[in-house]
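> Data file final-v3.cif (mmCIF, C-alpha atoms) is appended below.
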```cif
data_run
loop_
_atom_site.label_atom_id
_atom_site.label_comp_id
_atom_site.auth_asym_id
_atom_site.auth_seq_id
_atom_site.Cartn_x
_atom_site.Cartn_y
_atom_site.Cartn_z
CA MET Z 1 -14.78 -29.36 2.76
CA VAL Z 2 -14.13 -25.63 2.90
CA PRO Z 3 -17.09 -23.51 4.02
CA ALA Z 4 -18.77 -21.52 1.24
CA PRO Z 5 -18.96 -17.71 1.36
CA VAL Z 6 -21.65 -16.64 3.84
CA ASN Z 7 -23.39 -14.71 1.07
CA ALA Z 8 -21.98 -15.55 -2.38
CA GLN Z 9 -23.79 -12.58 -3.90
CA VAL Z 10 -22.00 -10.14 -1.58
CA LEU Z 11 -18.60 -11.68 -2.29
CA GLU Z 12 -19.14 -11.65 -6.05
CA ALA Z 13 -20.48 -8.09 -6.20
CA MET Z 14 -17.76 -6.73 -3.91
CA GLY Z 15 -15.09 -8.65 -5.86
CA GLN Z 16 -16.27 -7.03 -9.07
CA LEU Z 17 -16.50 -3.63 -7.41
CA PHE Z 18 -13.06 -3.75 -5.77
CA VAL Z 19 -11.11 -4.64 -8.92
CA SER Z 20 -12.99 -1.94 -10.84
CA LEU Z 21 -12.08 0.86 -8.37
CA PRO Z 22 -9.93 3.46 -10.13
CA HIS Z 23 -6.75 2.72 -8.16
CA CYS Z 24 -7.14 -1.06 -8.53
CA GLU Z 25 -7.81 -0.67 -12.24
CA THR Z 26 -4.66 1.46 -12.53
CA LEU Z 27 -2.69 -1.42 -11.02
CA GLY Z 28 -4.44 -3.92 -13.30
CA MET Z 29 -5.81 -5.89 -10.33
CA ARG Z 30 -7.90 -8.92 -11.29
CA TRP Z 31 -10.12 -11.48 -9.59
CA HIS Z 32 -8.37 -14.87 -9.64
CA GLY Z 33 -10.87 -17.00 -7.72
CA THR Z 34 -11.92 -18.03 -4.25
CA ASP Z 35 -11.37 -21.14 -2.20
CA GLY Z 36 -14.49 -21.01 -0.05
CA ARG Z 37 -14.08 -17.84 2.00
CA GLN Z 38 -10.48 -17.22 0.93
CA PRO Z 39 -10.41 -15.04 -2.18
CA THR Z 40 -7.37 -14.52 -4.40
CA LEU Z 41 -6.64 -11.40 -6.44
CA VAL Z 42 -3.73 -10.93 -8.82
CA VAL Z 43 -1.64 -8.09 -10.25
CA ASP Z 44 0.47 -8.67 -13.34
CA TRP Z 45 4.05 -7.46 -13.32
CA LYS Z 46 4.24 -4.19 -15.30
CA PRO Z 47 7.23 -1.86 -15.72
CA GLU Z 48 5.28 1.13 -14.33
CA LEU Z 49 4.69 -0.72 -11.03
CA VAL Z 50 8.38 -1.21 -10.33
CA GLY Z 51 10.00 0.29 -7.21
CA ASN Z 52 13.63 -0.28 -8.09
CA PRO Z 53 14.41 -0.15 -11.82
CA ALA Z 54 17.85 -1.70 -11.24
CA THR Z 55 16.27 -4.96 -10.06
CA GLY Z 56 12.77 -4.81 -11.57
CA VAL Z 57 11.26 -5.61 -8.16
CA LEU Z 58 7.70 -4.33 -7.75
CA HIS Z 59 7.14 -1.34 -5.46
CA GLY Z 60 6.03 -2.27 -1.94
CA GLY Z 61 3.05 0.04 -2.39
CA VAL Z 62 1.65 -2.31 -5.03
CA ILE Z 63 1.82 -5.15 -2.51
CA THR Z 64 0.16 -2.92 0.12
CA SER Z 65 -2.78 -2.15 -2.19
CA LEU Z 66 -3.10 -5.81 -3.15
CA VAL Z 67 -3.08 -6.97 0.49
CA ASP Z 68 -5.51 -4.24 1.56
CA THR Z 69 -7.98 -5.01 -1.23
CA THR Z 70 -7.82 -8.81 -0.98
CA SER Z 71 -8.14 -8.67 2.82
CA ALA Z 72 -11.22 -6.44 2.55
CA LEU Z 73 -12.67 -8.96 0.12
CA ALA Z 74 -11.98 -11.80 2.58
CA VAL Z 75 -14.11 -9.89 5.09
CA CYS Z 76 -16.87 -9.68 2.45
CA ALA Z 77 -16.80 -13.49 2.19
CA HIS Z 78 -18.05 -13.53 5.80
CA LEU Z 79 -20.67 -10.79 5.58
CA PRO Z 80 -24.33 -11.81 5.59
CA ASP Z 81 -25.31 -8.65 3.70
CA PHE Z 82 -23.80 -5.61 1.97
CA GLU Z 83 -21.91 -3.37 4.37
CA THR Z 84 -19.29 -0.63 4.04
CA ILE Z 85 -15.97 -1.52 5.67
CA ALA Z 86 -12.80 0.53 6.13
CA THR Z 87 -9.23 -0.51 6.89
CA LEU Z 88 -8.28 0.38 10.46
CA ASP Z 89 -4.68 -0.80 10.32
CA LEU Z 90 -2.42 -2.91 8.18
CA ARG Z 91 1.02 -4.44 8.56
CA ILE Z 92 3.07 -6.03 5.80
CA ASP Z 93 6.14 -8.20 6.27
CA TYR Z 94 8.23 -8.29 3.11
CA LEU Z 95 9.64 -11.80 2.98
CA SER Z 96 11.38 -11.42 -0.38
CA GLY Z 97 11.20 -9.14 -3.40
CA ALA Z 98 8.46 -9.60 -6.03
CA ARG Z 99 10.41 -10.97 -8.99
CA GLN Z 100 10.42 -9.30 -12.36
CA GLY Z 101 8.02 -10.59 -14.98
CA LEU Z 102 5.84 -12.75 -12.73
CA PRO Z 103 2.31 -11.88 -11.54
CA VAL Z 104 1.75 -11.44 -7.80
CA TYR Z 105 -1.19 -13.29 -6.24
CA CYS Z 106 -2.70 -12.45 -2.88
CA THR Z 107 -4.84 -14.89 -0.92
CA ALA Z 108 -6.56 -13.57 2.19
CA GLU Z 109 -8.59 -14.95 5.05
CA CYS Z 110 -10.83 -13.29 7.62
CA TYR Z 111 -10.13 -15.33 10.75
CA ARG Z 112 -12.46 -13.46 13.06
CA LEU Z 113 -15.54 -11.40 12.27
CA ALA Z 114 -16.60 -9.59 15.44
CA SER Z 115 -19.56 -7.24 15.68
CA GLN Z 116 -17.54 -4.10 14.96
CA VAL Z 117 -14.11 -5.27 13.80
CA ALA Z 118 -12.90 -7.89 11.31
CA PHE Z 119 -9.43 -9.47 11.56
CA THR Z 120 -7.58 -10.71 8.48
CA ARG Z 121 -4.33 -12.28 7.35
CA ALA Z 122 -3.01 -12.54 3.81
CA VAL Z 123 -0.11 -13.95 1.85
CA CYS Z 124 1.30 -12.73 -1.45
CA TRP Z 125 2.98 -15.27 -3.68
CA GLN Z 126 4.28 -15.62 -7.21
CA GLU Z 127 5.03 -19.24 -8.04
CA THR Z 128 3.23 -21.16 -5.29
CA PRO Z 129 1.29 -20.12 -2.16
CA GLY Z 130 3.81 -22.17 -0.19
CA GLN Z 131 6.57 -19.69 -1.10
CA PRO Z 132 5.10 -16.38 0.07
CA ILE Z 133 6.86 -13.13 -0.81
CA ALA Z 134 4.84 -11.04 1.68
CA HIS Z 135 2.57 -11.55 4.65
CA GLY Z 136 -0.05 -9.07 5.78
CA VAL Z 137 -2.32 -8.69 8.78
CA ALA Z 138 -5.08 -6.12 8.92
CA THR Z 139 -8.17 -5.08 10.81
CA PHE Z 140 -11.27 -3.51 9.33
CA MET Z 141 -14.05 -1.46 10.90
CA ARG Z 142 -17.48 -2.72 10.00
CA GLY Z 143 -20.33 -0.38 9.09
CA SER Z 144 -17.83 2.44 8.59
CA SER Z 145 -20.13 4.59 6.48
CA PRO Z 146 -23.87 4.89 5.90
CA ILE Z 147 -23.06 5.34 2.19
CA PRO Z 148 -23.01 1.84 0.65
CA MET Z 149 -19.96 0.98 -1.49
CA VAL Z 150 -22.21 -0.74 -4.00
CA ASP Z 151 -25.02 1.24 -5.57
CA ARG Z 152 -27.70 -1.43 -5.59
CA SER Z 153 -30.19 0.66 -7.48
CA GLU Z 154 -28.13 0.07 -10.60
CA PRO Z 155 -29.31 -2.80 -12.83
CA MET H 1 26.83 0.57 -5.20
CA SER H 2 23.82 -0.11 -7.39
CA GLU H 3 23.01 1.80 -10.53
CA PHE H 4 19.89 3.08 -8.75
CA MET H 5 21.83 4.48 -5.79
CA GLN H 6 24.44 6.05 -8.08
CA ARG H 7 21.66 7.84 -9.94
CA PHE H 8 19.98 8.84 -6.67
CA GLY H 9 23.24 10.39 -5.45
CA GLN H 10 23.58 12.50 -8.59
CA LEU H 11 19.96 13.65 -8.36
CA ARG H 12 20.34 14.58 -4.70
CA GLU H 13 23.43 16.62 -5.45
CA ALA H 14 21.45 18.52 -8.08
CA ASN H 15 18.40 18.83 -5.74
CA ASP H 16 16.46 17.25 -8.59
CA TYR H 17 13.37 16.10 -6.67
CA ALA H 18 11.32 15.34 -9.79
CA GLY H 19 14.24 13.33 -11.13
CA VAL H 20 14.14 11.07 -8.06
CA ILE H 21 10.42 10.45 -8.56
CA ASP H 22 11.00 9.77 -12.26
CA ALA H 23 13.59 7.14 -11.29
CA ILE H 24 10.94 5.20 -9.31
CA PRO H 25 8.26 4.06 -11.80
CA TYR H 26 5.49 3.42 -9.27
CA ALA H 27 6.10 6.75 -7.47
CA LYS H 28 5.72 8.45 -10.84
CA LEU H 29 2.53 6.53 -11.59
CA MET H 30 0.99 7.63 -8.25
CA GLY H 31 2.01 11.23 -8.99
CA ALA H 32 4.05 11.73 -5.80
CA THR H 33 6.25 14.82 -5.42
CA PHE H 34 8.60 16.14 -2.73
CA GLU H 35 10.82 19.05 -1.87
CA GLU H 36 13.18 20.24 0.83
CA THR H 37 11.59 22.55 3.39
CA ASP H 38 12.80 24.07 6.68
CA GLY H 39 11.21 21.16 8.49
CA GLY H 40 12.88 18.54 6.28
CA LEU H 41 11.57 16.79 3.19
CA LEU H 42 7.89 17.40 2.52
CA PHE H 43 6.11 14.84 0.35
CA ALA H 44 2.89 15.61 -1.51
CA LEU H 45 0.45 13.57 -3.53
CA PRO H 46 -1.82 15.91 -5.51
CA PHE H 47 -5.27 14.44 -6.00
CA SER H 48 -5.70 12.31 -9.08
CA PRO H 49 -8.86 10.36 -10.00
CA HIS H 50 -6.82 7.20 -10.66
CA ASN H 51 -5.86 7.05 -6.94
CA VAL H 52 -9.45 6.68 -5.74
CA GLY H 53 -10.45 3.55 -3.81
CA ASN H 54 -14.02 4.46 -2.87
CA THR H 55 -15.90 6.20 -5.65
CA ARG H 56 -19.02 6.86 -3.60
CA LEU H 57 -17.49 8.83 -0.70
CA PRO H 58 -15.13 9.52 -2.60
CA ALA H 59 -11.87 8.57 -0.85
CA LEU H 60 -8.27 7.73 -1.74
CA HIS H 61 -7.50 4.00 -1.79
CA GLY H 62 -6.05 2.88 1.54
CA GLY H 63 -3.39 0.82 -0.21
CA LEU H 64 -2.41 3.84 -2.26
CA ILE H 65 -1.97 5.89 0.92
CA GLY H 66 0.25 3.09 2.22
CA GLY H 67 2.31 3.06 -0.97
CA PHE H 68 2.76 6.83 -0.87
CA LEU H 69 3.95 6.69 2.76
CA GLU H 70 6.26 3.76 2.17
CA ASN H 71 7.75 5.55 -0.80
CA ALA H 72 8.20 8.70 1.29
CA ALA H 73 9.99 6.72 4.01
CA LEU H 74 12.40 5.15 1.52
CA ILE H 75 13.26 8.43 -0.21
CA HIS H 76 13.59 10.23 3.14
CA LEU H 77 15.99 7.56 4.39
CA ILE H 78 18.20 7.48 1.29
CA TRP H 79 18.20 11.29 1.05
CA ASN H 80 19.45 11.62 4.63
CA ARG H 81 22.08 8.90 4.58
CA GLU H 82 25.68 8.99 3.45
CA SER H 83 25.79 5.30 2.59
CA ARG H 84 25.20 4.25 -0.99
CA GLN H 85 23.67 0.87 -0.15
CA THR H 86 20.00 0.54 -1.03
CA PRO H 87 17.91 0.17 2.14
CA LYS H 88 15.63 -2.84 1.94
CA ILE H 89 12.19 -2.66 3.49
CA VAL H 90 11.55 -5.32 6.14
CA ASN H 91 8.06 -4.38 7.18
CA PHE H 92 5.59 -1.58 7.19
CA SER H 93 2.78 -0.88 9.63
CA LEU H 94 0.07 1.62 8.97
CA ASP H 95 -2.79 3.04 11.05
CA TYR H 96 -5.64 4.69 9.19
CA LEU H 97 -7.10 7.56 11.21
CA ARG H 98 -9.34 9.37 8.72
CA SER H 99 -10.42 8.73 5.16
CA GLY H 100 -8.30 10.38 2.45
CA LYS H 101 -10.38 13.09 0.81
CA PRO H 102 -10.05 13.98 -2.89
CA GLN H 103 -7.39 16.60 -2.22
CA THR H 104 -3.60 16.76 -1.81
CA LEU H 105 -2.14 14.34 0.72
CA TYR H 106 1.05 15.43 2.51
CA ALA H 107 3.59 13.34 4.37
CA GLN H 108 6.67 13.90 6.47
CA CYS H 109 9.07 11.35 7.92
CA GLU H 110 11.39 11.08 10.86
CA ILE H 111 14.28 8.66 11.22
CA THR H 112 13.72 7.47 14.77
CA LYS H 113 16.69 5.15 14.82
CA GLN H 114 19.52 4.38 12.51
CA GLY H 115 21.61 1.45 13.63
CA LYS H 116 24.30 -0.56 11.85
CA ARG H 117 21.80 -2.95 10.33
CA VAL H 118 18.32 -1.52 10.80
CA ALA H 119 16.62 1.85 10.50
CA HIS H 120 13.23 2.78 11.96
CA VAL H 121 11.25 5.52 10.19
CA LEU H 122 8.04 7.19 11.39
CA ILE H 123 5.72 8.67 8.78
CA GLU H 124 2.76 10.97 9.22
CA ALA H 125 0.21 11.92 6.55
CA TRP H 126 -2.34 14.72 6.60
CA GLN H 127 -4.46 16.88 4.30
CA GLU H 128 -5.66 20.37 5.19
CA ASP H 129 -4.72 20.24 8.88
CA ARG H 130 -1.58 18.60 10.20
CA ALA H 131 -3.20 18.22 13.62
CA ARG H 132 -5.76 15.89 12.02
CA PRO H 133 -3.61 13.14 10.45
CA VAL H 134 -5.08 10.85 7.80
CA ALA H 135 -2.61 8.07 8.62
CA VAL H 136 0.49 7.33 10.66
CA ALA H 137 2.95 4.61 9.79
CA ARG H 138 6.31 3.16 10.62
CA ALA H 139 8.75 1.18 8.54
CA HIS H 140 11.80 -0.93 9.29
CA PHE H 141 14.58 -1.02 6.71
CA LEU H 142 17.64 -3.25 6.48
CA LEU H 143 20.68 -1.08 5.84
CA SER H 144 23.37 -3.60 5.04
CA ALA H 145 23.55 -6.72 2.93
CA ALA H 146 24.15 -9.88 4.96
#
```
Show the structure stored in the file as structure tokens.

Amino acid sequence: MVPAPVNAQVLEAMGQLFVSLPHCETLGMRWHGTDGRQPTLVVDWKPELVGNPATGVLHGGVITSLVDTTSALAVCAHLPDFETIATLDLRIDYLSGARQGLPVYCTAECYRLASQVAFTRAVCWQETPGQPIAHGVATFMRGSSPIPMVDRSEP
Amino acid sequence: MSEFMQRFGQLREANDYAGVIDAIPYAKLMGATFEETDGGLLFALPFSPHNVGNTRLPALHGGLIGGFLENAALIHLIWNRESRQTPKIVNFSLDYLRSGKPQTLYAQCEITKQGKRVAHVLIEAWQEDRARPVAVARAHFLLSAA
């Protein structure tokens, strides 16, 4: 059995927040689901997200934003309470181009939550998770800002 | 030579910077610009609300900063090469040093190595003060088809 999110409320609220952020909304990023503490977000293929019009392959920057956001969310699946986190570094390996017309999914996992730093890995895939098109590793600083990302005074 | 590279070559000859951005849909969506300066190509991303990733600070989205830098590296590489083969990105590594404020983000690149098969490009991004970078990155590109 896969372990449940440490605080389901945090994961759900941060998931909703992340996909609603202006840049993520511009990309059309959506919540796809979570397998325990491994959330999946998705971006649909759209002509304005293309990097090379001759091939229709999505721009690498779209993959970068998807990996960054999903990885941050994977950290949230391990957080006991709301906390502001910030990406410290990120590396993406492009295994193959994101094919025209198909959505790109990203599934991420936080494999170590230390007191100050969280370590993540992520895969992007189109048809099946077993055929990844990109792989990302990232680290996040915990408690990066006293200003909470979620305004909890809102109803 | 691909249709894309043929078009890029024509645009470079005409110094049509905006034309290059227009040819890359996602670069256009971000609102990236660039021009030739004495120090080489200078890339700029004027602030736009749709690039925000933290509405409460507010700050530019980290992924967006990555996309802008990766795009800069690719354009910089093609612009400075004679070959008409499209470089293919292998990987991209990015260190975030400061949060991206709601103002113009600048970037400049350096081709550290250009071999037969692989190129290595360093990218640096800053806002009001170049000595206080927002992010530094490096990218590897494949230069030839197998």
> What residues have an atom no more than 9 Å from (0.8, -18.5, -6.3) in the file's own frame, counting all atoms listed in the file, and can you write them as a PyMOL selection string?
chain Z and resi 103-107+124-132
> Could you write those residues out with C-alpha atoms, as a PDB file, keeping the file's coordinate frame?

```pdb
ATOM      1  CA  PRO Z 103       2.310 -11.880 -11.540  1.00  0.00           C
ATOM      2  CA  VAL Z 104       1.750 -11.440  -7.800  1.00  0.00           C
ATOM      3  CA  TYR Z 105      -1.190 -13.290  -6.240  1.00  0.00           C
ATOM      4  CA  CYS Z 106      -2.700 -12.450  -2.880  1.00  0.00           C
ATOM      5  CA  THR Z 107      -4.840 -14.890  -0.920  1.00  0.00           C
ATOM      6  CA  CYS Z 124       1.300 -12.730  -1.450  1.00  0.00           C
ATOM      7  CA  TRP Z 125       2.980 -15.270  -3.680  1.00  0.00           C
ATOM      8  CA  GLN Z 126       4.280 -15.620  -7.210  1.00  0.00           C
ATOM      9  CA  GLU Z 127       5.030 -19.240  -8.040  1.00  0.00           C
ATOM     10  CA  THR Z 128       3.230 -21.160  -5.290  1.00  0.00           C
ATOM     11  CA  PRO Z 129       1.290 -20.120  -2.160  1.00  0.00           C
ATOM     12  CA  GLY Z 130       3.810 -22.170  -0.190  1.00  0.00           C
ATOM     13  CA  GLN Z 131       6.570 -19.690  -1.100  1.00  0.00           C
ATOM     14  CA  PRO Z 132       5.100 -16.380   0.070  1.00  0.00           C
TER      15      PRO Z 132
END
```
> Run the PyMOL selection byres ((chain Z) within 6 of (chain H)) on the file and write out the hits as a PyMOL selection string.
chain Z and resi 21-23+48-51+54+61+64-65+68+88-94
> Could you check how far atom CA of Asn52 of chain Z sits from atom CA of Thr26 of chain Z, in Å to one decimal?
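Separation between atom CA of Asn52 of chain Z and atom CA of Thr26 of chain Z: 18.9 Å.
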> Just the number, please: distance in Å from atom CA of Phe43 of chain H to atom CA of Cys24 of chain Z, one decimal.
22.5 Å
> Translate the PyMOL selection byres ((chain H and resi 109) around 10) into a concrete residue list for this structure, as a PDB file with C-alpha atoms, keeping the file's coordinate frame.

```pdb
ATOM      1  CA  GLY H  40      12.880  18.540   6.280  1.00  0.00           C
ATOM      2  CA  LEU H  41      11.570  16.790   3.190  1.00  0.00           C
ATOM      3  CA  LEU H  42       7.890  17.400   2.520  1.00  0.00           C
ATOM      4  CA  PHE H  43       6.110  14.840   0.350  1.00  0.00           C
ATOM      5  CA  LEU H  69       3.950   6.690   2.760  1.00  0.00           C
ATOM      6  CA  GLU H  70       6.260   3.760   2.170  1.00  0.00           C
ATOM      7  CA  ALA H  72       8.200   8.700   1.290  1.00  0.00           C
ATOM      8  CA  ALA H  73       9.990   6.720   4.010  1.00  0.00           C
ATOM      9  CA  LEU H  74      12.400   5.150   1.520  1.00  0.00           C
ATOM     10  CA  ILE H  75      13.260   8.430  -0.210  1.00  0.00           C
ATOM     11  CA  HIS H  76      13.590  10.230   3.140  1.00  0.00           C
ATOM     12  CA  LEU H  77      15.990   7.560   4.390  1.00  0.00           C
ATOM     13  CA  ALA H 107       3.590  13.340   4.370  1.00  0.00           C
ATOM     14  CA  GLN H 108       6.670  13.900   6.470  1.00  0.00           C
ATOM     15  CA  GLU H 110      11.390  11.080  10.860  1.00  0.00           C
ATOM     16  CA  ILE H 111      14.280   8.660  11.220  1.00  0.00           C
ATOM     17  CA  THR H 112      13.720   7.470  14.770  1.00  0.00           C
ATOM     18  CA  VAL H 121      11.250   5.520  10.190  1.00  0.00           C
ATOM     19  CA  LEU H 122       8.040   7.190  11.390  1.00  0.00           C
ATOM     20  CA  ILE H 123       5.720   8.670   8.780  1.00  0.00           C
ATOM     21  CA  GLU H 124       2.760  10.970   9.220  1.00  0.00           C
ATOM     22  CA  ALA H 125       0.210  11.920   6.550  1.00  0.00           C
ATOM     23  CA  VAL H 136       0.490   7.330  10.660  1.00  0.00           C
ATOM     24  CA  ALA H 137       2.950   4.610   9.790  1.00  0.00           C
ATOM     25  CA  ARG H 138       6.310   3.160  10.620  1.00  0.00           C
TER      26      ARG H 138
END
```
> Provide the atom CA of Asn7 of chain Z to atom CA of Trp31 of chain Z distance in Å, to one decimal place.
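One can read the atom CA of Asn7 of chain Z to atom CA of Trp31 of chain Z distance as 17.3 Å.
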> For the point (23.0, 12.8, -6.0) in the file's frame, write as a PDB file with C-alpha atoms, in the frame of the given file all residues with an atom no more than 12 Å away, counting all atoms listed in the file.

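Produced file selection_18.pdb, reproduced below:
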```
ATOM      1  CA  GLU H   3      23.010   1.800 -10.530  1.00  0.00           C
ATOM      2  CA  PHE H   4      19.890   3.080  -8.750  1.00  0.00           C
ATOM      3  CA  MET H   5      21.830   4.480  -5.790  1.00  0.00           C
ATOM      4  CA  GLN H   6      24.440   6.050  -8.080  1.00  0.00           C
ATOM      5  CA  ARG H   7      21.660   7.840  -9.940  1.00  0.00           C
ATOM      6  CA  PHE H   8      19.980   8.840  -6.670  1.00  0.00           C
ATOM      7  CA  GLY H   9      23.240  10.390  -5.450  1.00  0.00           C
ATOM      8  CA  GLN H  10      23.580  12.500  -8.590  1.00  0.00           C
ATOM      9  CA  LEU H  11      19.960  13.650  -8.360  1.00  0.00           C
ATOM     10  CA  ARG H  12      20.340  14.580  -4.700  1.00  0.00           C
ATOM     11  CA  GLU H  13      23.430  16.620  -5.450  1.00  0.00           C
ATOM     12  CA  ALA H  14      21.450  18.520  -8.080  1.00  0.00           C
ATOM     13  CA  ASN H  15      18.400  18.830  -5.740  1.00  0.00           C
ATOM     14  CA  ASP H  16      16.460  17.250  -8.590  1.00  0.00           C
ATOM     15  CA  TYR H  17      13.370  16.100  -6.670  1.00  0.00           C
ATOM     16  CA  GLY H  19      14.240  13.330 -11.130  1.00  0.00           C
ATOM     17  CA  VAL H  20      14.140  11.070  -8.060  1.00  0.00           C
ATOM     18  CA  ILE H  78      18.200   7.480   1.290  1.00  0.00           C
ATOM     19  CA  TRP H  79      18.200  11.290   1.050  1.00  0.00           C
ATOM     20  CA  ASN H  80      19.450  11.620   4.630  1.00  0.00           C
ATOM     21  CA  ARG H  81      22.080   8.900   4.580  1.00  0.00           C
ATOM     22  CA  GLU H  82      25.680   8.990   3.450  1.00  0.00           C
ATOM     23  CA  SER H  83      25.790   5.300   2.590  1.00  0.00           C
ATOM     24  CA  ARG H  84      25.200   4.250  -0.990  1.00  0.00           C
TER      25      ARG H  84
END
```
> Name the closest residue to Arg117 of chain H among the candidates H:Pro87, H:Pro46, H:Pro102, H:Pro133; distances are taken between atoms, counting all atoms listed in the file.
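Of all the options, H:Pro87 lies closest to Arg117 of chain H.
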> With the file shown as input, list the residues that the PyMOL selection byres ((chain H and resi 44) around 6) selects, as a count of residues only.
7
> Counting all atoms listed in the file, which residue out of Z:Pro39, Z:Pro146, Z:Gly33, Z:Pro47 sits closest to Arg121 of chain Z?
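That would be Z:Pro39, the residue with the smallest distance to Arg121 of chain Z.
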> Do you know which residues are at most 8 Å from segment 79-87 of chain Z counting all atoms listed in the file, after dropping those on the same chain fewer than 4 positions away, and could you put them as an NGL selection string?
(:Z and (6-7 or 10 or 68 or 72 or 75 or 138-150)) or (:H and (62 or 96))
> Using only C-alpha atoms, please write the residues we just selected to a file, as an mmCIF file, keeping the file's coordinate frame.

```cif
data_model
loop_
_atom_site.group_PDB
_atom_site.id
_atom_site.type_symbol
_atom_site.label_atom_id
_atom_site.label_comp_id
_atom_site.auth_asym_id
_atom_site.auth_seq_id
_atom_site.Cartn_x
_atom_site.Cartn_y
_atom_site.Cartn_z
ATOM 1 C CA VAL Z 6 -21.650 -16.640 3.840
ATOM 2 C CA ASN Z 7 -23.390 -14.710 1.070
ATOM 3 C CA VAL Z 10 -22.000 -10.140 -1.580
ATOM 4 C CA ASP Z 68 -5.510 -4.240 1.560
ATOM 5 C CA ALA Z 72 -11.220 -6.440 2.550
ATOM 6 C CA VAL Z 75 -14.110 -9.890 5.090
ATOM 7 C CA ALA Z 138 -5.080 -6.120 8.920
ATOM 8 C CA THR Z 139 -8.170 -5.080 10.810
ATOM 9 C CA PHE Z 140 -11.270 -3.510 9.330
ATOM 10 C CA MET Z 141 -14.050 -1.460 10.900
ATOM 11 C CA ARG Z 142 -17.480 -2.720 10.000
ATOM 12 C CA GLY Z 143 -20.330 -0.380 9.090
ATOM 13 C CA SER Z 144 -17.830 2.440 8.590
ATOM 14 C CA SER Z 145 -20.130 4.590 6.480
ATOM 15 C CA PRO Z 146 -23.870 4.890 5.900
ATOM 16 C CA ILE Z 147 -23.060 5.340 2.190
ATOM 17 C CA PRO Z 148 -23.010 1.840 0.650
ATOM 18 C CA MET Z 149 -19.960 0.980 -1.490
ATOM 19 C CA VAL Z 150 -22.210 -0.740 -4.000
ATOM 20 C CA GLY H 62 -6.050 2.880 1.540
ATOM 21 C CA TYR H 96 -5.640 4.690 9.190
#
```
> Please put the answer as lines of an AutoDock Vina configuration file: centre and edge lengths, in Å with one decimal, of a box along x, y and z that encloses all listed atoms of segment 90-98 of chain Z plus 6 Å on each side.

```
center_x = 4.5
center_y = -7.4
center_z = 1.3
size_x = 25.8
size_y = 20.9
size_z = 26.6
```
> From the coordinates I just gave you, please extract segment 113-123 of chain Z so that only N, CA, C and O atoms remain, then output it as a PDB file, in the first residue's frame.

```pdb
ATOM      1  N   LEU Z 113      12.851  14.451   2.702  1.00  0.00           N
ATOM      2  CA  LEU Z 113      12.467  15.735   3.264  1.00  0.00           C
ATOM      3  C   LEU Z 113      13.350  15.962   4.487  1.00  0.00           C
ATOM      4  O   LEU Z 113      13.140  15.335   5.523  1.00  0.00           O
ATOM      5  N   ALA Z 114      14.356  16.799   4.354  1.00  0.00           N
ATOM      6  CA  ALA Z 114      15.224  17.117   5.483  1.00  0.00           C
ATOM      7  C   ALA Z 114      14.692  18.382   6.145  1.00  0.00           C
ATOM      8  O   ALA Z 114      13.696  18.959   5.692  1.00  0.00           O
ATOM      9  N   SER Z 115      15.340  18.825   7.214  1.00  0.00           N
ATOM     10  CA  SER Z 115      14.765  19.939   7.967  1.00  0.00           C
ATOM     11  C   SER Z 115      14.748  21.233   7.163  1.00  0.00           C
ATOM     12  O   SER Z 115      13.836  22.032   7.298  1.00  0.00           O
ATOM     13  N   GLN Z 116      15.747  21.432   6.304  1.00  0.00           N
ATOM     14  CA  GLN Z 116      15.794  22.683   5.551  1.00  0.00           C
ATOM     15  C   GLN Z 116      15.609  22.498   4.048  1.00  0.00           C
ATOM     16  O   GLN Z 116      15.240  23.424   3.341  1.00  0.00           O
ATOM     17  N   VAL Z 117      15.940  21.309   3.551  1.00  0.00           N
ATOM     18  CA  VAL Z 117      15.950  21.072   2.105  1.00  0.00           C
ATOM     19  C   VAL Z 117      15.100  19.846   1.772  1.00  0.00           C
ATOM     20  O   VAL Z 117      15.092  18.875   2.526  1.00  0.00           O
ATOM     21  N   ALA Z 118      14.391  19.912   0.640  1.00  0.00           N
ATOM     22  CA  ALA Z 118      13.639  18.751   0.153  1.00  0.00           C
ATOM     23  C   ALA Z 118      14.207  18.335  -1.201  1.00  0.00           C
ATOM     24  O   ALA Z 118      14.536  19.188  -2.033  1.00  0.00           O
ATOM     25  N   PHE Z 119      14.344  17.023  -1.413  1.00  0.00           N
ATOM     26  CA  PHE Z 119      14.939  16.479  -2.641  1.00  0.00           C
ATOM     27  C   PHE Z 119      13.859  15.760  -3.457  1.00  0.00           C
ATOM     28  O   PHE Z 119      13.133  14.934  -2.908  1.00  0.00           O
ATOM     29  N   THR Z 120      13.799  16.064  -4.741  1.00  0.00           N
ATOM     30  CA  THR Z 120      12.735  15.470  -5.561  1.00  0.00           C
ATOM     31  C   THR Z 120      13.277  14.882  -6.867  1.00  0.00           C
ATOM     32  O   THR Z 120      14.348  15.258  -7.344  1.00  0.00           O
ATOM     33  N   ARG Z 121      12.493  13.970  -7.420  1.00  0.00           N
ATOM     34  CA  ARG Z 121      12.743  13.507  -8.794  1.00  0.00           C
ATOM     35  C   ARG Z 121      11.392  13.431  -9.488  1.00  0.00           C
ATOM     36  O   ARG Z 121      10.358  13.208  -8.842  1.00  0.00           O
ATOM     37  N   ALA Z 122      11.416  13.588 -10.807  1.00  0.00           N
ATOM     38  CA  ALA Z 122      10.161  13.624 -11.563  1.00  0.00           C
ATOM     39  C   ALA Z 122      10.371  13.029 -12.942  1.00  0.00           C
ATOM     40  O   ALA Z 122      11.478  13.076 -13.485  1.00  0.00           O
ATOM     41  N   VAL Z 123       9.294  12.453 -13.486  1.00  0.00           N
ATOM     42  CA  VAL Z 123       9.339  12.036 -14.892  1.00  0.00           C
ATOM     43  C   VAL Z 123       8.172  12.677 -15.632  1.00  0.00           C
ATOM     44  O   VAL Z 123       7.081  12.830 -15.096  1.00  0.00           O
TER      45      VAL Z 123
END
```
